[in-house]
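I have placed the structure first, in the form of structure tokens, so that the comments after it can refer back to it.
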Amino acid sequence: MDQRKRIPSMFHRRLLLLGAAFAVITMVLTGQMVRLSVVEGSERLAAAEAKLDLRRYLPTHRGQIVDRHGRVLAIDRASYDVAVQYEVITSAWPRNRAAAEAKKAAGGNRWRAMSPEQREEAINKCLPKWEAKCVLLWAEICRLGKVSPDEVQARLDAIKADVQTMAAVVWEQQRLDERIKYGITDDQEHDFKTTPIREQTESHVVLPRVPDEVAFVFRKLDQQLPGMIEVQDSRRREYPWLNAEVILDRASLPKPIRSDHPMTVRVAGVADHILGSVREEVWAQDIERRPFHDPKTKKVVDLDGYRRGDIVGARGVENVFEDALRGRRGEVIERRDTGVQSRIEPTPGTDVRLTIDVLLQARVQAILSHQLGLTVVQPWHHNAALPVGTPLNAAAVVIEVETGEILAMVSMPTVAMGELMSAEEAALNQWLVNRPVEAIYPPGSIIKPIVLAAAVTEGVHNLGSAIECTGHYFEDKKDAARCWIYREKNGFATHGSLHASEALGKSCNIFFYTLADRLGMDGLIKWFGYFGMGSPLDVGLLHTQVDSDGRVRRLGESAGDVPSSARIADIRRNGQLTSAEAFMGIGQGPISWTPVQAANAYAMLARGGVVRDATLVSNDPRGSRPQRCEDLHLSWDLVATALEGLRQSVMERYGTGHHITYDDQTEERIINAEHVTVWAKTGTAQWDIIRRLDHSWFVGLVGPQATGKPMHAIAVIVENGGSGGRCAGPVANQIVRALQAEGYLPGDSAAARRQSDRDGQPASSEDVHAELAQESEN
């Protein structure tokens, strides 16, 4: 049939064509509507609503660090940040304000009629007023913030770089998303329009953690310069016990420095190696480990994450427990159209309770100070290498035997002292090293009780058997591997036949050469490992760090040294096995440990071999740490014998820790604290034979005389101090008295303290640092 007959007229044919076209257009529009409302509806709704949301983040605060008695050692205090609008930071603000003023003055119609040149002229007339406001603002920021213009500019450049990088990432992602959604190929042009990201419309912190009085001035300035600055709530970290004054009784000191008048010692940096510090700079690795924004989309992914202006744990407990202490910031989201707010409250960080007693810590630090005189080369030291008056670095540890809790752990010099040193002094003193847990030293004779425990438990020595001291261990070498008493000045004397307790009391080298030979290299290494040498104890400062090359390092605590398999092979190859074994038996040769490992080993001995490794943290927020759960099953006959030998070492006249002999040949007891029993061993550890430099050790146990039970383990090392008894011994005596003064041991605590109203109280940091600076200059 003729088609024209089916559609009677041209009009109808055209109408049908228009209807078909309309149907096609309707289908296209319907499809687009379905795509926008159904397929992409939720995404576009979220994006639209996001533009209606005004987000504000609420600061959290770090958890406190407290001592065993709840005294606050580190705390966040309320503070303020001064933030500047991003438009002001980029210098766009004065021109934008001048343009708005010029347009308002001209009126809308006239402004539209003006040429670009006329508009520019109008803007330039208004510009100086707004530029003057910026000049005033930056001048006040420099003056009140006590920062230089160069430092302020550096902060502004860093903020702009961060925001520009973030904007570039966001815009590129948005551009790619649009090309994919609309099917735009790479060879097609795409008119993508950028819109400011949130960070380009917000204020950014320029002066973090300003004092209250500075914040008040900026709040008044905000009224004079509206829309430019914002004073935000913040926090700052304080260490109330960082500086303290301690009054020390000097009536029990060695005769040349004894006095009836107490001494007030100002100590700076109390426990600062333990507590560590925080930094106000967020590093790239912080953000990589825990980002606040997604690195690709720049959307907030973790309110706990790091962003500019955060404080970060840098060292010590502040670093190790960063994730627990840090807390979680809150968030307020306000709808611009309705004003309705949703709020996530900030979560404060977890408190960390340490086992140390800060009063005892400060007292022990005062004892180790050069001001008191025990850690300065004295005539009675008979130091063959250093002149009288030379200051000596030192470390001390006090551990509770029953629990393994560390009551005090002092490293001298402290960080606060080191920060005032010259570059040359800093290199010499290595003040950043936390000596009790990071510095390793040859044990010297303090290892002898451990060698005895190993030999008896392994069955290579019977406590009822004696060993003859022949003066020298190798029959054909009288000038090697000798006993300390076998010297020409002593008429080449020997100790004769000795049982174990006497051998410890007299510190006979031949006895322990013999035991070491019987144990052999493998036996010695095994037992040294049982007592903690060769592995970090993880007292609470151990942490890992991943280097740029992917290598994982363990930092914060040292393992000490025992010979590796390769080292042992070299020793065997060189025919030095027997001599190496012998020297390891008296704590020399290829072994070393830290002061905390030494004190921990003596605490294990007092517990009969029960392993309960030393700890600094009583409520580890990281969860239970993997601990050695072992029992060496030392016989109580062995423990009693070892304790008797250690008692003789300090309580019997022949003991190396018994007395000091002065130049006038008068003698004086080293341990003169009453109402207590001390079991200890001295050690003189050779480390530089050429310069004749020896470290001075005193490690032992102390308990009430009435019970005869060891309660505390003490380790003292004085670097380059020489004789363990003459140098480290008097330091340990004062630490025993400090334990009495703080109520941990029976004694005349009132006489020991002789307190004033300020004893044991925090001191002004300004006063202490001024005094230290003066000493440094002198």
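Each chain in the structure tokens gets a letter, A, B, ..., in the order shown, and its residues are numbered from 1; ligands are numbered from 1 in order too.
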
Contacts of stretch 602-608 of chain A at 8 Å (only C-alpha atoms; same-chain gap of 3+ positions) as a PyMOL selection string = chain A and resi 399-402+404+450+531+598-599+611-612+632-636+639+643+699-701+710+712-713

| task | For stretch 301-303 of chain A, please output as an MDAnalysis selection string all residues within 6 Å (counting only C-alpha atoms; exclusion window: fewer than 6 positions along the same chain). | result | chainID A and resid 292:294 329

Which of stretch 473-685 of chain A DSSP labels alpha helix (DSSP H), written as a ChimeraX atom specification
/A:500-506,509-530,565-573,577-584,595-606,636-651

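Of the residues under consideration (A:Gln648, A:Ala680, A:Asp323, A:Ser565), A:Asp323 shows the shortest atom-to-atom contact distance to A:Val352 when counting only C-alpha atoms.
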
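Every protein or nucleic acid residue with an atom no more than 10 Å from A:Arg307, counting only C-alpha atoms and leaving out same-chain residues fewer than 2 positions away, appears here: Glu281, Val282, Trp283, Asp286, Ile287, Arg290, Pro291, Phe292, His293, Leu303, Asp304, Gly305, Gly309, Asp310 and Ile311 of chain A.
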
For the residues in that selection, give me all heavy atoms as a compact mmCIF listing (two decimals), in the first residue's frame.
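Output saved as part-v7.txt:
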# COMPACT_ATOMS: atom_id res chain seq x y z
N GLU A 281 56.80 19.18 65.47
CA GLU A 281 56.93 19.05 64.02
C GLU A 281 56.50 17.64 63.62
O GLU A 281 57.01 16.66 64.14
CB GLU A 281 58.37 19.30 63.59
CG GLU A 281 58.59 19.19 62.10
CD GLU A 281 60.05 19.38 61.72
OE1 GLU A 281 60.88 19.58 62.62
OE2 GLU A 281 60.36 19.32 60.53
N VAL A 282 55.54 17.57 62.71
CA VAL A 282 55.09 16.27 62.21
C VAL A 282 55.94 15.89 61.02
O VAL A 282 56.06 16.65 60.06
CB VAL A 282 53.60 16.33 61.81
CG1 VAL A 282 53.15 15.00 61.23
CG2 VAL A 282 52.74 16.69 63.01
N TRP A 283 56.55 14.71 61.08
CA TRP A 283 57.44 14.26 60.02
C TRP A 283 56.67 13.42 59.00
O TRP A 283 55.58 12.91 59.28
CB TRP A 283 58.57 13.43 60.61
CG TRP A 283 59.52 14.22 61.47
CD1 TRP A 283 59.59 15.58 61.56
CD2 TRP A 283 60.51 13.70 62.36
NE1 TRP A 283 60.57 15.95 62.45
CE2 TRP A 283 61.15 14.82 62.95
CE3 TRP A 283 60.93 12.42 62.71
CZ2 TRP A 283 62.18 14.68 63.88
CZ3 TRP A 283 61.95 12.28 63.63
CH2 TRP A 283 62.57 13.40 64.21
N ASP A 286 55.64 10.04 60.14
CA ASP A 286 54.47 10.03 61.03
C ASP A 286 53.20 9.93 60.21
O ASP A 286 52.31 9.11 60.50
CB ASP A 286 54.42 11.30 61.89
CG ASP A 286 55.64 11.48 62.77
OD1 ASP A 286 56.11 10.47 63.31
OD2 ASP A 286 56.11 12.61 62.92
N ILE A 287 53.12 10.78 59.18
CA ILE A 287 51.93 10.80 58.33
C ILE A 287 51.80 9.49 57.56
O ILE A 287 50.70 8.96 57.39
CB ILE A 287 51.98 12.01 57.38
CG1 ILE A 287 51.95 13.30 58.20
CG2 ILE A 287 50.85 11.96 56.36
CD1 ILE A 287 52.15 14.56 57.39
N ARG A 290 50.47 6.91 60.03
CA ARG A 290 49.09 7.12 60.48
C ARG A 290 48.56 8.42 59.90
O ARG A 290 48.57 9.45 60.54
CB ARG A 290 49.07 7.16 62.01
CG ARG A 290 47.70 6.95 62.60
CD ARG A 290 47.82 6.64 64.09
NE ARG A 290 46.54 6.34 64.64
CZ ARG A 290 46.34 5.98 65.90
NH1 ARG A 290 47.37 5.89 66.72
NH2 ARG A 290 45.14 5.70 66.35
N PRO A 291 48.05 8.38 58.67
CA PRO A 291 47.63 9.62 58.01
C PRO A 291 46.27 10.12 58.51
O PRO A 291 45.38 9.32 58.82
CB PRO A 291 47.56 9.22 56.53
CG PRO A 291 47.27 7.76 56.56
CD PRO A 291 47.95 7.21 57.77
N PHE A 292 46.12 11.42 58.58
CA PHE A 292 44.83 12.03 58.90
C PHE A 292 43.96 12.06 57.65
O PHE A 292 42.77 11.75 57.69
CB PHE A 292 45.07 13.45 59.42
CG PHE A 292 43.81 14.21 59.77
CD1 PHE A 292 43.10 13.88 60.90
CD2 PHE A 292 43.36 15.26 58.97
CE1 PHE A 292 41.94 14.58 61.24
CE2 PHE A 292 42.22 15.95 59.30
CZ PHE A 292 41.50 15.62 60.44
N HIS A 293 44.56 12.43 56.50
CA HIS A 293 43.87 12.42 55.21
C HIS A 293 44.32 11.22 54.40
O HIS A 293 45.45 10.77 54.51
CB HIS A 293 44.20 13.68 54.40
CG HIS A 293 43.73 14.96 55.01
ND1 HIS A 293 44.56 15.79 55.72
CD2 HIS A 293 42.50 15.54 55.02
CE1 HIS A 293 43.87 16.83 56.14
NE2 HIS A 293 42.63 16.71 55.74
N LEU A 303 40.69 10.17 62.55
CA LEU A 303 40.77 11.32 63.45
C LEU A 303 41.97 11.22 64.38
O LEU A 303 42.40 12.22 64.96
CB LEU A 303 39.48 11.42 64.28
CG LEU A 303 38.22 11.89 63.52
CD1 LEU A 303 37.00 11.82 64.41
CD2 LEU A 303 38.42 13.31 63.00
N ASP A 304 42.53 10.01 64.53
CA ASP A 304 43.76 9.84 65.32
C ASP A 304 45.00 10.20 64.52
O ASP A 304 46.09 10.29 65.07
CB ASP A 304 43.91 8.37 65.75
CG ASP A 304 42.83 7.95 66.72
OD1 ASP A 304 42.07 8.83 67.16
OD2 ASP A 304 42.74 6.76 67.05
N GLY A 305 44.85 10.38 63.20
CA GLY A 305 46.00 10.55 62.33
C GLY A 305 46.72 11.87 62.55
O GLY A 305 46.23 12.79 63.22
N GLY A 309 50.67 20.74 63.11
CA GLY A 309 50.31 21.32 64.40
C GLY A 309 50.22 20.30 65.52
O GLY A 309 50.13 20.67 66.69
N ASP A 310 50.23 19.01 65.20
CA ASP A 310 50.18 17.98 66.23
C ASP A 310 51.49 17.93 66.99
O ASP A 310 52.55 18.31 66.48
CB ASP A 310 49.92 16.60 65.62
CG ASP A 310 48.48 16.44 65.16
OD1 ASP A 310 47.69 17.38 65.38
OD2 ASP A 310 48.15 15.39 64.60
N ILE A 311 51.45 17.43 68.23
CA ILE A 311 52.68 17.13 68.94
C ILE A 311 52.87 15.62 68.89
O ILE A 311 51.92 14.84 68.93
CB ILE A 311 52.69 17.66 70.39
CG1 ILE A 311 51.57 17.03 71.22
CG2 ILE A 311 52.59 19.15 70.41
CD1 ILE A 311 51.64 17.40 72.68

Could you pull the residues within 12 Å of A:Lys220, counting only C-alpha atoms, minus those fewer than 6 positions along the same chain, as a VMD selection string?
chain A and resid 140 213 to 214 226 229 to 231

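Closest to A:Asn393 among A:Asp476, A:Asp663, A:Asp517, A:Glu719 is A:Glu719, based on only C-alpha atoms.
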
note - atom CA of A:Asp191 and atom CA of A:Glu120 are separated by 28.1 Å

Practice task
as an NGL selection string, please: all residues of stretch 296-457 of chain A that backbone DSSP puts in strand (DSSP E or B).
Solution key: :A and (300 or 306 or 312-315 or 328 or 330-335 or 341-344 or 347 or 352-354 or 376 or 391 or 394-400 or 405-412 or 441)

Margin query: Set the distance at 9 Å and use only C-alpha atoms: which residues neighbour stretch 422-437 of chain A once local chain neighbours fewer than 4 positions away are removed? I'd like the list as a PyMOL selection string.
Written below: chain A and resi 273-274+393-397+409-418+536-537+539+541+556-559+593-597+715+717+776

Could you save those same residues with N, CA, C and O atoms as a CSV table (one decimal), in the first residue's frame?
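The result, written out as out19.csv:
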chain,number,residue,atom,x,y,z
A,273,HIS,N,65.7,11.2,80.6
A,273,HIS,CA,66.0,10.1,79.6
A,273,HIS,C,64.9,9.1,79.6
A,273,HIS,O,64.6,8.5,78.6
A,274,ILE,N,64.2,8.9,80.7
A,274,ILE,CA,63.1,8.0,80.8
A,274,ILE,C,61.9,8.6,80.1
A,274,ILE,O,61.3,7.9,79.2
A,393,ASN,N,81.3,10.9,84.3
A,393,ASN,CA,79.9,10.5,84.0
A,393,ASN,C,79.5,9.2,84.7
A,393,ASN,O,80.4,8.4,85.0
A,394,ALA,N,78.2,9.0,85.0
A,394,ALA,CA,77.9,7.8,85.8
A,394,ALA,C,76.4,7.4,85.5
A,394,ALA,O,75.7,8.1,84.8
A,395,ALA,N,76.1,6.3,86.0
A,395,ALA,CA,74.7,5.8,85.9
A,395,ALA,C,74.4,4.9,87.1
A,395,ALA,O,75.3,4.3,87.8
A,396,ALA,N,73.1,4.9,87.5
A,396,ALA,CA,72.7,4.1,88.7
A,396,ALA,C,71.3,3.5,88.5
A,396,ALA,O,70.5,4.2,87.8
A,397,VAL,N,71.1,2.3,89.0
A,397,VAL,CA,69.8,1.7,88.8
A,397,VAL,C,69.4,1.1,90.2
A,397,VAL,O,70.3,0.5,90.9
A,409,MET,N,66.3,5.1,88.0
A,409,MET,CA,67.2,4.8,86.9
A,409,MET,C,67.8,6.1,86.4
A,409,MET,O,67.1,6.8,85.6
A,410,VAL,N,69.0,6.4,86.8
A,410,VAL,CA,69.6,7.7,86.5
A,410,VAL,C,70.8,7.6,85.5
A,410,VAL,O,71.6,6.7,85.7
A,411,SER,N,70.8,8.5,84.6
A,411,SER,CA,71.9,8.6,83.6
A,411,SER,C,72.4,10.1,83.7
A,411,SER,O,71.7,11.0,83.6
A,412,MET,N,73.7,10.1,83.9
A,412,MET,CA,74.4,11.4,84.0
A,412,MET,C,75.5,11.6,82.9
A,412,MET,O,76.3,10.7,82.8
A,413,PRO,N,75.5,12.7,82.2
A,413,PRO,CA,74.6,13.8,82.3
A,413,PRO,C,73.2,13.6,81.8
A,413,PRO,O,73.0,12.8,80.9
A,414,THR,N,72.3,14.4,82.3
A,414,THR,CA,70.9,14.3,81.8
A,414,THR,C,70.8,15.1,80.4
A,414,THR,O,71.7,15.8,80.0
A,415,VAL,N,69.7,14.9,79.8
A,415,VAL,CA,69.4,15.6,78.6
A,415,VAL,C,69.4,17.1,78.8
A,415,VAL,O,70.0,17.9,78.0
A,416,ALA,N,68.8,17.6,79.9
A,416,ALA,CA,68.8,19.0,80.2
A,416,ALA,C,70.2,19.6,80.4
A,416,ALA,O,70.4,20.7,79.9
A,417,MET,N,71.0,18.8,81.0
A,417,MET,CA,72.4,19.3,81.2
A,417,MET,C,73.2,19.3,79.8
A,417,MET,O,73.9,20.2,79.5
A,418,GLY,N,72.9,18.3,79.0
A,418,GLY,CA,73.6,18.2,77.7
A,418,GLY,C,73.2,19.3,76.8
A,418,GLY,O,74.1,19.7,76.0
A,536,PRO,N,68.1,-7.5,74.9
A,536,PRO,CA,67.5,-6.4,75.7
A,536,PRO,C,66.4,-6.9,76.6
A,536,PRO,O,65.7,-7.8,76.3
A,537,LEU,N,66.4,-6.3,77.8
A,537,LEU,CA,65.4,-6.7,78.8
A,537,LEU,C,64.0,-6.2,78.4
A,537,LEU,O,63.0,-6.8,78.9
A,539,VAL,N,62.6,-3.1,79.2
A,539,VAL,CA,62.1,-2.5,80.5
A,539,VAL,C,60.9,-1.6,80.2
A,539,VAL,O,60.2,-1.1,81.1
A,541,LEU,N,61.4,0.8,77.2
A,541,LEU,CA,61.9,1.8,76.3
A,541,LEU,C,62.4,1.3,75.0
A,541,LEU,O,62.8,2.0,74.1
A,556,GLY,N,66.6,2.1,71.8
A,556,GLY,CA,66.1,2.4,73.2
A,556,GLY,C,66.7,1.6,74.3
A,556,GLY,O,66.8,2.1,75.4
A,557,GLU,N,67.1,0.4,73.9
A,557,GLU,CA,67.8,-0.5,74.9
A,557,GLU,C,68.8,-1.3,74.2
A,557,GLU,O,68.6,-1.7,73.0
A,558,SER,N,69.9,-1.6,74.9
A,558,SER,CA,71.0,-2.4,74.3
A,558,SER,C,70.9,-3.8,74.8
A,558,SER,O,70.4,-4.1,75.9
A,559,ALA,N,71.4,-4.7,74.0
A,559,ALA,CA,71.4,-6.2,74.4
A,559,ALA,C,72.6,-6.6,75.2
A,559,ALA,O,72.6,-7.6,75.9
A,593,TRP,N,77.6,-5.7,79.2
A,593,TRP,CA,76.2,-5.6,79.5
A,593,TRP,C,75.9,-4.2,80.0
A,593,TRP,O,76.8,-3.4,80.2
A,594,THR,N,74.6,-3.9,80.2
A,594,THR,CA,74.2,-2.6,80.7
A,594,THR,C,74.0,-2.6,82.2
A,594,THR,O,73.8,-3.7,82.8
A,595,PRO,N,74.0,-1.4,82.9
A,595,PRO,CA,73.8,-1.4,84.3
A,595,PRO,C,72.5,-2.0,84.7
A,595,PRO,O,72.4,-2.7,85.8
A,596,VAL,N,71.4,-1.8,83.9
A,596,VAL,CA,70.1,-2.4,84.3
A,596,VAL,C,70.2,-4.0,84.2
A,596,VAL,O,69.6,-4.7,85.0
A,597,GLN,N,70.9,-4.5,83.2
A,597,GLN,CA,71.1,-5.9,83.1
A,597,GLN,C,71.9,-6.5,84.3
A,597,GLN,O,71.6,-7.6,84.9
A,715,ALA,N,72.8,-1.1,91.1
A,715,ALA,CA,73.9,-1.1,90.2
A,715,ALA,C,74.4,0.3,90.0
A,715,ALA,O,73.6,1.2,89.7
A,717,ILE,N,77.7,2.5,88.1
A,717,ILE,CA,78.9,2.5,87.3
A,717,ILE,C,79.3,4.0,87.1
A,717,ILE,O,78.5,4.9,86.9
A,776,SER,N,78.4,26.0,83.1
A,776,SER,CA,79.0,25.6,81.8
A,776,SER,C,80.0,26.7,81.3
A,776,SER,O,81.0,26.4,80.8

Which residues are near A:Leu519? Cut-off 8 Å, only C-alpha atoms, ignore same chain within fewer than 6 positions. Put them as a PyMOL selection string. chain A and resi 454-455+458+460

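Checking A:Leu577, A:Val205, A:Ile586, A:Ile65 one by one against A:Ile510, counting only C-alpha atoms, you find the shortest gap at A:Ile586.
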
Any idea what's packed within 9 Å of A:Leu73, counting only C-alpha atoms, ignoring anything in its chain fewer than 6 positions away? Could you give it as a PDB file with N, CA and C atoms, in the first residue's frame?
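around.pdb written:
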ATOM      1  N   GLN A  64      48.560  11.364  80.802  1.00  0.00           N
ATOM      2  CA  GLN A  64      49.595  11.743  81.753  1.00  0.00           C
ATOM      3  C   GLN A  64      50.609  10.607  81.908  1.00  0.00           C
ATOM      4  N   ILE A  65      51.799  10.961  82.334  1.00  0.00           N
ATOM      5  CA  ILE A  65      52.780   9.978  82.788  1.00  0.00           C
ATOM      6  C   ILE A  65      52.978  10.245  84.271  1.00  0.00           C
ATOM      7  N   VAL A  66      52.777   9.233  85.091  1.00  0.00           N
ATOM      8  CA  VAL A  66      52.867   9.409  86.545  1.00  0.00           C
ATOM      9  C   VAL A  66      53.862   8.410  87.117  1.00  0.00           C
ATOM     10  N   ASP A  67      54.362   8.699  88.323  1.00  0.00           N
ATOM     11  CA  ASP A  67      55.290   7.765  88.964  1.00  0.00           C
ATOM     12  C   ASP A  67      54.503   6.739  89.770  1.00  0.00           C
ATOM     13  N   GLU A 238      53.868  19.643  79.614  1.00  0.00           N
ATOM     14  CA  GLU A 238      54.702  20.127  80.704  1.00  0.00           C
ATOM     15  C   GLU A 238      55.216  18.950  81.529  1.00  0.00           C
ATOM     16  N   TYR A 239      56.388  19.157  82.124  1.00  0.00           N
ATOM     17  CA  TYR A 239      57.032  18.140  82.968  1.00  0.00           C
ATOM     18  C   TYR A 239      57.299  18.766  84.340  1.00  0.00           C
ATOM     19  N   PRO A 240      56.340  18.653  85.271  1.00  0.00           N
ATOM     20  CA  PRO A 240      56.437  19.384  86.540  1.00  0.00           C
ATOM     21  C   PRO A 240      57.665  19.046  87.382  1.00  0.00           C
ATOM     22  N   TRP A 241      58.195  17.840  87.251  1.00  0.00           N
ATOM     23  CA  TRP A 241      59.315  17.427  88.091  1.00  0.00           C
ATOM     24  C   TRP A 241      60.639  17.460  87.337  1.00  0.00           C
ATOM     25  N   LEU A 242      60.670  18.118  86.203  1.00  0.00           N
ATOM     26  CA  LEU A 242      61.889  18.122  85.409  1.00  0.00           C
ATOM     27  C   LEU A 242      63.057  18.729  86.181  1.00  0.00           C
ATOM     28  N   ALA A 271      64.699  12.428  85.431  1.00  0.00           N
ATOM     29  CA  ALA A 271      64.060  11.347  84.659  1.00  0.00           C
ATOM     30  C   ALA A 271      63.836  11.719  83.194  1.00  0.00           C
ATOM     31  N   LEU A 275      61.473   9.760  80.540  1.00  0.00           N
ATOM     32  CA  LEU A 275      60.249  10.373  80.023  1.00  0.00           C
ATOM     33  C   LEU A 275      60.365  10.700  78.541  1.00  0.00           C
ATOM     34  N   VAL A 358      59.733   9.343  91.811  1.00  0.00           N
ATOM     35  CA  VAL A 358      60.447  10.524  91.332  1.00  0.00           C
ATOM     36  C   VAL A 358      61.272  11.184  92.441  1.00  0.00           C
TER      37      VAL A 358
END

Residue with the minimum atom-to-atom distance to A:Thr297, picked from A:Ile197, A:His382, A:Ala566, A:Glu419 with only C-alpha atoms counted, is A:Ile197

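Across A:Lys681, A:Ala481, A:Ser535, A:Gly540, the tightest approach to A:Gly585 is made by A:Ala481 when counting only C-alpha atoms.
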